[in-house]
Amino acid sequence: MIQAQSLFKSFGNTTVLKDISATFDKGKTNLIIGQSGSGKTVFLKCLLGLHEIDQGSINYNGVSFEKMNLKERTQLRQDIGMVFQGSALFDSMSVEENIMFPLKMLTEKSNEEIRERTNAVIKRVNLIDANAKLPSEISGGMQKRVAIARAIVMNPKYLFCDEPNSGLDPKTAIIIDNLIQEITEEFQITTVINTHDMNSVMEIGQKIIFLENGTKAWEGDKEEIFVTDNKAVGDFVYSSELFKKVRATYRKK
Amino acid sequence: MKLFVHIGRYFIMIQKIFEKFTKWPILKKLILTDIETLIVGSLGIVSFISFFVGGVVAIQTALNMENPLLPRNLMGFATRQSVILEFAPTFISVIMAGKVGSYITSSIGTMRVTEQIDALEIMGINTYNYLIFPKIIALLFYPFVITIAMFLGIFGGYIACVYGGFSSSEEFIDGIQLDFIPFHVTYSFVKTYLFALLLATIPSYHGYFLKGGALDVGKASTTSFVWTSVAIIIVNYMVTQILLT
Ligand SMILES: Nc1ncnc2c1ncn2[C@@H]1O[C@H](COP(=O)(O)OP(=O)(O)OP(=O)(O)O)[C@@H](O)[C@H]1O
Ligand SMILES: [Mg+2]
């Protein structure tokens with residue numbers, strides 16, 4: 001479980017996060033949604049300590065992140081996996097080397113064990129025939145799979161995904177979403193996902209935090225989001241023609 | 001004001017490089033790759049430039065020596081002095097600021113904008129050490145490049161003089177040996193080591209702290225070239241002032 005309490009973050013004179021509190025539960029896919037520029041990525045990076053927060057507190061399983069020293073943070077990070085918005089694969093390494101990298105870097109496992117573990121996750125994310133290819137030689141959907149494989153190779157307790165399915169076709173996007181949800185439930189991971197995709201919300205929105213201009217404007221789940229009277233959420237959800245139609249048919253019933 | 005912020009952040013960066021080391025097998029691989037790209041990869045262009053500029057220095061000296069009273073071995077002497085004291089260490093380093101410097105800035109900068117550095121950071125890796133330390137070690141071999149530049153520069157001068165008919169082979173070689181002060185070579189290599197450190201760290205700084213997107217990588221490479229050259233010129237002046245006067 002991860003708890004964030006009254007987080008504030010600004011860059012220079014612009015305040016990007018204003019008083020955000022949220023709890024992310026174990027074994028669930030926790031979504032952070034909101035318009036482009038609402039502060040989702042910044043929020044995620046604050047939780048990870050990639051940005052230092054100005055005010056507030058972050059707890060990992062009850063332990064305060066700010067109070068951890070460098071060694072404790074390094075320890076915690078071995079339990080964290082992250083899928084970046086643009087995959088962030090190491091472009092000088094092959095797919096296989098990318099996935100092995102955390103194991104080689106952070107564990108004392110033998111080559112045999114590393115290979116075994118790598119093959120297991122490659123299978124888990126359905127990456128076929130890509131081991132020796134460079135990231136630039138595979139499709140966007142496959143890059144995401146590699147990024148997910150790299151993120152889960154260390155058996156993380158916490159998984160962060162920044163728009164894991166942006167730039168993918170709807171079908172592949174749903175496959176990726178479901179993959180993340182399955183892994184989350186299978187290994188009881190605390191998963192936090194940034195998205196602005198309503199399809200993801202409907203698929204895997206077990207818990208949803210809605211950000212608007214850097215503040216938390218709403219919180220709920222995928223059932224509640226369609227019936228809330230919160231105006232900002234309504235505008236976000238029903239911005240597309242498709243969802244307007246869905247709403248219209250709902251209301252007729 | 002902003003300059004001081006940069007200088008402060010630069011020295012903090014240098015300190016952080018040595019805080020927590022990357023695992024040796026991985027570090028070794030990175031160092032070898034960097035030696036290959038930064039040192040071996042530069043030998044071609046450095047050799048080419050040194051040889052021809054050495055030749056030009058010798059010809060220029062010859063053409064400015066109309067006076068028949070001047071000894072003919074002056075050409076060898078002048079070539080040696082200018083190549084060893086300035087041309088090889090300083091001039092080549094400014095060229096390397098363009099070649100090696102922009103390579104370092106753009107490769108680290110690309111990793112920054114594509115969030116690869118964040119990805120390393122998440123794994124609890126000291127990214128300063130992982131990215132910059134191998135480049136510093138690789139550039140410890142930089143004096144080797146400069147030695148080749150010195151040798152080829154003087155050799156280029158020799159070829160130009162002897163085959164251009166400006167002096168005889170004996171006269172030129174005699175000139176090379178004339179009034180040789182070993183301390184000049186020491187001075188030259190002290191400079192070279194300092195330039196190597198600048199070449200490894202200033203471009204790394206510009207890449208590491210890059211903000212923005214792909215376009216900014218290009219801009220940062222240019223800025224990095226300018227600042228590395230400026231730093232080289234300033235350090236050159238200071239070292240000369242301290243060691244030679
Ligand atoms: N390093 C930074 N320095 C200054 N401002 C930043 C920085 N990172 C983000 N911002 C600003 O913070 C705001 C929120 O950005 P953020 O990247 O979190 O948006 P987002 O919700 O993730 O959007 P998207 O859906 O497009 O990814 C933006 O206005 C952005 O300009
Ligand atoms: Mg984002």
# chains A, B, ... in the order shown; residues from 1 in each chain; ligands from 1
>>> closest_atom_pairs(of="chain A", to="ligand 1", cutoff="10 Å", atoms="only C-alpha atoms and all ligand atoms", output="JSON lines")
{"residue": "A:Lys9", "atom": "CA", "partner": "ligand 1", "partner_atom_place_in_ligand_line": "12 (O)", "distance": 9.2}
{"residue": "A:Ser10", "atom": "CA", "partner": "ligand 1", "partner_atom_place_in_ligand_line": "5 (N)", "distance": 7.7}
{"residue": "A:Phe11", "atom": "CA", "partner": "ligand 1", "partner_atom_place_in_ligand_line": "4 (C)", "distance": 4.9}
{"residue": "A:Gly12", "atom": "CA", "partner": "ligand 1", "partner_atom_place_in_ligand_line": "4 (C)", "distance": 7.3}
{"residue": "A:Asn13", "atom": "CA", "partner": "ligand 1", "partner_atom_place_in_ligand_line": "4 (C)", "distance": 9.4}
{"residue": "A:Thr14", "atom": "CA", "partner": "ligand 1", "partner_atom_place_in_ligand_line": "5 (N)", "distance": 7.4}
{"residue": "A:Thr15", "atom": "CA", "partner": "ligand 1", "partner_atom_place_in_ligand_line": "12 (O)", "distance": 7.9}
{"residue": "A:Val16", "atom": "CA", "partner": "ligand 1", "partner_atom_place_in_ligand_line": "12 (O)", "distance": 5.1}
{"residue": "A:Leu17", "atom": "CA", "partner": "ligand 1", "partner_atom_place_in_ligand_line": "14 (C)", "distance": 8.2}
{"residue": "A:Ile32", "atom": "CA", "partner": "ligand 1", "partner_atom_place_in_ligand_line": "21 (O)", "distance": 9.1}
{"residue": "A:Ile33", "atom": "CA", "partner": "ligand 1", "partner_atom_place_in_ligand_line": "21 (O)", "distance": 8.0}
{"residue": "A:Gly34", "atom": "CA", "partner": "ligand 1", "partner_atom_place_in_ligand_line": "21 (O)", "distance": 6.4}
{"residue": "A:Gln35", "atom": "CA", "partner": "ligand 1", "partner_atom_place_in_ligand_line": "25 (O)", "distance": 6.0}
{"residue": "A:Ser36", "atom": "CA", "partner": "ligand 1", "partner_atom_place_in_ligand_line": "25 (O)", "distance": 3.5}
{"residue": "A:Gly37", "atom": "CA", "partner": "ligand 1", "partner_atom_place_in_ligand_line": "19 (O)", "distance": 3.4}
{"residue": "A:Ser38", "atom": "CA", "partner": "ligand 1", "partner_atom_place_in_ligand_line": "21 (O)", "distance": 4.0}
{"residue": "A:Gly39", "atom": "CA", "partner": "ligand 1", "partner_atom_place_in_ligand_line": "18 (O)", "distance": 3.1}
{"residue": "A:Lys40", "atom": "CA", "partner": "ligand 1", "partner_atom_place_in_ligand_line": "21 (O)", "distance": 3.8}
{"residue": "A:Thr41", "atom": "CA", "partner": "ligand 1", "partner_atom_place_in_ligand_line": "22 (O)", "distance": 3.7}
{"residue": "A:Val42", "atom": "CA", "partner": "ligand 1", "partner_atom_place_in_ligand_line": "18 (O)", "distance": 3.9}
{"residue": "A:Phe43", "atom": "CA", "partner": "ligand 1", "partner_atom_place_in_ligand_line": "18 (O)", "distance": 6.4}
{"residue": "A:Leu44", "atom": "CA", "partner": "ligand 1", "partner_atom_place_in_ligand_line": "18 (O)", "distance": 8.0}
{"residue": "A:Lys45", "atom": "CA", "partner": "ligand 1", "partner_atom_place_in_ligand_line": "18 (O)", "distance": 8.5}
{"residue": "A:Cys46", "atom": "CA", "partner": "ligand 1", "partner_atom_place_in_ligand_line": "18 (O)", "distance": 9.9}
{"residue": "A:His51", "atom": "CA", "partner": "ligand 1", "partner_atom_place_in_ligand_line": "1 (N)", "distance": 8.3}
{"residue": "A:Gln85", "atom": "CA", "partner": "ligand 1", "partner_atom_place_in_ligand_line": "27 (O)", "distance": 7.4}
{"residue": "A:Asp162", "atom": "CA", "partner": "ligand 1", "partner_atom_place_in_ligand_line": "27 (O)", "distance": 7.8}
{"residue": "A:Glu163", "atom": "CA", "partner": "ligand 1", "partner_atom_place_in_ligand_line": "27 (O)", "distance": 7.5}
{"residue": "A:Ser166", "atom": "CA", "partner": "ligand 1", "partner_atom_place_in_ligand_line": "25 (O)", "distance": 9.3}
{"residue": "A:Asn194", "atom": "CA", "partner": "ligand 1", "partner_atom_place_in_ligand_line": "22 (O)", "distance": 7.6}
{"residue": "A:Thr195", "atom": "CA", "partner": "ligand 1", "partner_atom_place_in_ligand_line": "25 (O)", "distance": 7.0}
{"residue": "A:His196", "atom": "CA", "partner": "ligand 1", "partner_atom_place_in_ligand_line": "25 (O)", "distance": 6.4}
{"residue": "A:Asp197", "atom": "CA", "partner": "ligand 1", "partner_atom_place_in_ligand_line": "25 (O)", "distance": 9.6}
{"residue": "A:Leu211", "atom": "CA", "partner": "ligand 1", "partner_atom_place_in_ligand_line": "21 (O)", "distance": 8.1}
{"residue": "A:Glu212", "atom": "CA", "partner": "ligand 1", "partner_atom_place_in_ligand_line": "21 (O)", "distance": 8.8}
{"residue": "A:Asn213", "atom": "CA", "partner": "ligand 1", "partner_atom_place_in_ligand_line": "14 (C)", "distance": 7.9}
{"residue": "A:Gly214", "atom": "CA", "partner": "ligand 1", "partner_atom_place_in_ligand_line": "14 (C)", "distance": 7.4}
>>> write_last_selection(atoms="N, CA and C atoms", output="short mmCIF file (atom, residue, chain, number, x, y, z; two decimals), in the first residue's frame")
data_model
loop_
_atom_site.label_atom_id
_atom_site.label_comp_id
_atom_site.auth_asym_id
_atom_site.auth_seq_id
_atom_site.Cartn_x
_atom_site.Cartn_y
_atom_site.Cartn_z
N LYS A 9 3.93 20.25 -5.16
CA LYS A 9 5.14 20.27 -5.98
C LYS A 9 5.07 21.43 -6.97
N SER A 10 6.11 22.24 -6.99
CA SER A 10 6.13 23.29 -8.02
C SER A 10 7.48 23.33 -8.71
N PHE A 11 7.46 23.79 -9.94
CA PHE A 11 8.68 24.04 -10.70
C PHE A 11 8.77 25.55 -10.86
N GLY A 12 9.78 26.18 -10.27
CA GLY A 12 9.86 27.63 -10.34
C GLY A 12 8.62 28.25 -9.75
N ASN A 13 7.93 29.06 -10.55
CA ASN A 13 6.74 29.74 -10.03
C ASN A 13 5.45 28.97 -10.27
N THR A 14 5.51 27.92 -11.09
CA THR A 14 4.26 27.21 -11.38
C THR A 14 4.09 26.02 -10.44
N THR A 15 2.97 26.04 -9.74
CA THR A 15 2.66 24.92 -8.86
C THR A 15 1.95 23.85 -9.69
N VAL A 16 2.53 22.68 -9.74
CA VAL A 16 1.97 21.61 -10.58
C VAL A 16 1.06 20.69 -9.76
N LEU A 17 1.45 20.39 -8.53
CA LEU A 17 0.60 19.57 -7.66
C LEU A 17 0.18 20.38 -6.45
N ILE A 32 -4.65 6.74 -12.13
CA ILE A 32 -4.65 8.20 -12.00
C ILE A 32 -5.06 8.71 -13.37
N ILE A 33 -6.18 9.40 -13.43
CA ILE A 33 -6.61 9.89 -14.74
C ILE A 33 -6.71 11.40 -14.73
N GLY A 34 -6.78 11.98 -15.90
CA GLY A 34 -6.87 13.43 -16.01
C GLY A 34 -6.36 13.85 -17.37
N GLN A 35 -6.70 15.10 -17.69
CA GLN A 35 -6.31 15.65 -18.98
C GLN A 35 -4.79 15.71 -19.12
N SER A 36 -4.35 15.85 -20.35
CA SER A 36 -2.94 16.06 -20.61
C SER A 36 -2.50 17.34 -19.89
N GLY A 37 -1.41 17.26 -19.15
CA GLY A 37 -0.94 18.45 -18.45
C GLY A 37 -1.52 18.62 -17.06
N SER A 38 -2.35 17.67 -16.62
CA SER A 38 -2.97 17.82 -15.31
C SER A 38 -2.02 17.45 -14.17
N GLY A 39 -0.88 16.87 -14.51
CA GLY A 39 0.11 16.57 -13.47
C GLY A 39 0.28 15.10 -13.14
N LYS A 40 -0.22 14.22 -13.98
CA LYS A 40 -0.16 12.79 -13.70
C LYS A 40 1.29 12.28 -13.61
N THR A 41 2.07 12.64 -14.64
CA THR A 41 3.45 12.15 -14.65
C THR A 41 4.24 12.72 -13.48
N VAL A 42 4.03 14.01 -13.21
CA VAL A 42 4.74 14.64 -12.10
C VAL A 42 4.37 13.95 -10.79
N PHE A 43 3.09 13.66 -10.61
CA PHE A 43 2.62 12.97 -9.40
C PHE A 43 3.32 11.61 -9.26
N LEU A 44 3.33 10.86 -10.33
CA LEU A 44 3.96 9.53 -10.30
C LEU A 44 5.44 9.65 -9.95
N LYS A 45 6.10 10.62 -10.58
CA LYS A 45 7.54 10.77 -10.33
C LYS A 45 7.82 11.24 -8.91
N CYS A 46 6.87 11.99 -8.33
CA CYS A 46 7.02 12.39 -6.93
C CYS A 46 6.92 11.17 -6.02
N HIS A 51 11.16 13.21 -8.51
CA HIS A 51 11.07 14.64 -8.18
C HIS A 51 10.98 14.73 -6.67
N GLN A 85 6.34 6.35 -19.89
CA GLN A 85 5.43 6.79 -20.95
C GLN A 85 5.97 6.41 -22.34
N ASP A 162 3.27 4.59 -16.57
CA ASP A 162 2.88 5.90 -17.07
C ASP A 162 2.33 5.72 -18.48
N GLU A 163 1.02 5.81 -18.61
CA GLU A 163 0.34 5.60 -19.88
C GLU A 163 0.88 4.38 -20.63
N SER A 166 -0.61 4.17 -24.31
CA SER A 166 -0.75 5.29 -25.23
C SER A 166 -0.04 4.96 -26.54
N ASN A 194 -1.04 5.61 -14.75
CA ASN A 194 -1.49 6.89 -15.31
C ASN A 194 -2.16 6.63 -16.64
N THR A 195 -3.28 7.26 -16.87
CA THR A 195 -3.88 7.08 -18.19
C THR A 195 -4.84 8.23 -18.48
N HIS A 196 -5.10 8.48 -19.77
CA HIS A 196 -6.21 9.37 -20.07
C HIS A 196 -7.16 8.66 -21.04
N ASP A 197 -7.06 7.34 -21.01
CA ASP A 197 -7.83 6.54 -21.94
C ASP A 197 -9.05 5.94 -21.24
N LEU A 211 -7.37 13.72 -11.52
CA LEU A 211 -6.62 14.96 -11.30
C LEU A 211 -7.11 16.03 -12.26
N GLU A 212 -7.24 17.24 -11.72
CA GLU A 212 -7.57 18.36 -12.58
C GLU A 212 -6.68 19.53 -12.19
N ASN A 213 -5.89 20.01 -13.12
CA ASN A 213 -4.96 21.11 -12.85
C ASN A 213 -4.15 20.92 -11.58
N GLY A 214 -3.72 19.70 -11.34
CA GLY A 214 -2.86 19.47 -10.19
C GLY A 214 -3.56 19.29 -8.86
#
>>> interface_residues(of="chain B", to="chain A", cutoff="10 Å", atoms="only C-alpha atoms", output="count of residues only")
22
>>> residues_around(residues="B:Thr186", least_positions_apart="6", cutoff="10 Å", atoms="only C-alpha atoms", output="CSV table (one decimal) with N, CA and C atoms, in the first residue's frame")
chain,number,residue,atom,x,y,z
B,85,LEU,N,53.8,22.5,-28.0
B,85,LEU,CA,53.3,23.4,-27.0
B,85,LEU,C,51.8,23.7,-27.2
B,192,THR,N,47.1,18.4,-21.2
B,192,THR,CA,46.3,17.3,-21.9
B,192,THR,C,45.4,16.6,-20.9
B,243,LEU,N,52.8,27.5,-15.3
B,243,LEU,CA,54.0,26.6,-15.5
B,243,LEU,C,55.1,27.2,-16.3
>>> residues_around(residues="stretch 106-109 of chain B", least_positions_apart="3", cutoff="10 Å", atoms="only C-alpha atoms", output="MDAnalysis selection string")
chainID B and resid 101:103 112:117 131:132 203:214 216:222 224
>>> closest_residue(among="A:Gly62, A:Pro135, A:Gly141, A:Pro164", to="ligand 2", atoms="only C-alpha atoms and all ligand atoms")
A:Pro164
>>> decode(residues="stretch 28-60 of chain A", atoms="N, CA and C atoms", output="short mmCIF file (atom, residue, chain, number, x, y, z; two decimals), in the first residue's frame")
data_model
loop_
_atom_site.label_atom_id
_atom_site.label_comp_id
_atom_site.auth_asym_id
_atom_site.auth_seq_id
_atom_site.Cartn_x
_atom_site.Cartn_y
_atom_site.Cartn_z
N LYS A 28 -4.42 -4.31 -6.45
CA LYS A 28 -5.42 -3.62 -7.27
C LYS A 28 -4.73 -2.78 -8.33
N THR A 29 -5.43 -2.52 -9.43
CA THR A 29 -4.92 -1.56 -10.40
C THR A 29 -5.51 -0.19 -10.05
N ASN A 30 -4.65 0.67 -9.53
CA ASN A 30 -5.06 2.02 -9.13
C ASN A 30 -4.78 2.97 -10.28
N LEU A 31 -5.80 3.67 -10.74
CA LEU A 31 -5.62 4.55 -11.89
C LEU A 31 -5.54 6.02 -11.48
N ILE A 32 -4.65 6.74 -12.13
CA ILE A 32 -4.65 8.20 -12.00
C ILE A 32 -5.06 8.71 -13.37
N ILE A 33 -6.18 9.40 -13.43
CA ILE A 33 -6.61 9.89 -14.74
C ILE A 33 -6.71 11.40 -14.73
N GLY A 34 -6.78 11.98 -15.90
CA GLY A 34 -6.87 13.43 -16.01
C GLY A 34 -6.36 13.85 -17.37
N GLN A 35 -6.70 15.10 -17.69
CA GLN A 35 -6.31 15.65 -18.98
C GLN A 35 -4.79 15.71 -19.12
N SER A 36 -4.35 15.85 -20.35
CA SER A 36 -2.94 16.06 -20.61
C SER A 36 -2.50 17.34 -19.89
N GLY A 37 -1.41 17.26 -19.15
CA GLY A 37 -0.94 18.45 -18.45
C GLY A 37 -1.52 18.62 -17.06
N SER A 38 -2.35 17.67 -16.62
CA SER A 38 -2.97 17.82 -15.31
C SER A 38 -2.02 17.45 -14.17
N GLY A 39 -0.88 16.87 -14.51
CA GLY A 39 0.11 16.57 -13.47
C GLY A 39 0.28 15.10 -13.14
N LYS A 40 -0.22 14.22 -13.98
CA LYS A 40 -0.16 12.79 -13.70
C LYS A 40 1.29 12.28 -13.61
N THR A 41 2.07 12.64 -14.64
CA THR A 41 3.45 12.15 -14.65
C THR A 41 4.24 12.72 -13.48
N VAL A 42 4.03 14.01 -13.21
CA VAL A 42 4.74 14.64 -12.10
C VAL A 42 4.37 13.95 -10.79
N PHE A 43 3.09 13.66 -10.61
CA PHE A 43 2.62 12.97 -9.40
C PHE A 43 3.32 11.61 -9.26
N LEU A 44 3.33 10.86 -10.33
CA LEU A 44 3.96 9.53 -10.30
C LEU A 44 5.44 9.65 -9.95
N LYS A 45 6.10 10.62 -10.58
CA LYS A 45 7.54 10.77 -10.33
C LYS A 45 7.82 11.24 -8.91
N CYS A 46 6.87 11.99 -8.33
CA CYS A 46 7.02 12.39 -6.93
C CYS A 46 6.92 11.17 -6.02
N LEU A 47 5.95 10.29 -6.33
CA LEU A 47 5.80 9.08 -5.52
C LEU A 47 7.08 8.25 -5.54
N LEU A 48 7.77 8.28 -6.68
CA LEU A 48 8.98 7.48 -6.86
C LEU A 48 10.24 8.17 -6.37
N GLY A 49 10.10 9.45 -6.00
CA GLY A 49 11.28 10.18 -5.58
C GLY A 49 12.13 10.68 -6.73
N LEU A 50 11.61 10.62 -7.96
CA LEU A 50 12.36 11.18 -9.09
C LEU A 50 12.26 12.69 -9.07
N HIS A 51 11.16 13.21 -8.51
CA HIS A 51 11.07 14.64 -8.18
C HIS A 51 10.98 14.73 -6.67
N GLU A 52 11.72 15.66 -6.08
CA GLU A 52 11.58 15.90 -4.65
C GLU A 52 10.31 16.71 -4.41
N ILE A 53 9.49 16.30 -3.44
CA ILE A 53 8.27 17.06 -3.17
C ILE A 53 8.59 18.27 -2.30
N ASP A 54 7.74 19.31 -2.43
CA ASP A 54 7.97 20.52 -1.63
C ASP A 54 7.37 20.36 -0.23
N GLN A 55 6.25 19.66 -0.17
CA GLN A 55 5.51 19.53 1.08
C GLN A 55 4.72 18.24 1.04
N GLY A 56 4.40 17.68 2.19
CA GLY A 56 3.57 16.48 2.24
C GLY A 56 4.37 15.26 2.63
N SER A 57 3.74 14.10 2.56
CA SER A 57 4.47 12.90 2.92
C SER A 57 4.02 11.72 2.06
N ILE A 58 4.93 10.78 1.89
CA ILE A 58 4.66 9.58 1.11
C ILE A 58 5.06 8.38 1.96
N ASN A 59 4.16 7.42 2.08
CA ASN A 59 4.47 6.22 2.86
C ASN A 59 4.37 4.98 2.00
N TYR A 60 5.39 4.14 2.10
CA TYR A 60 5.34 2.82 1.46
C TYR A 60 5.13 1.80 2.56
#
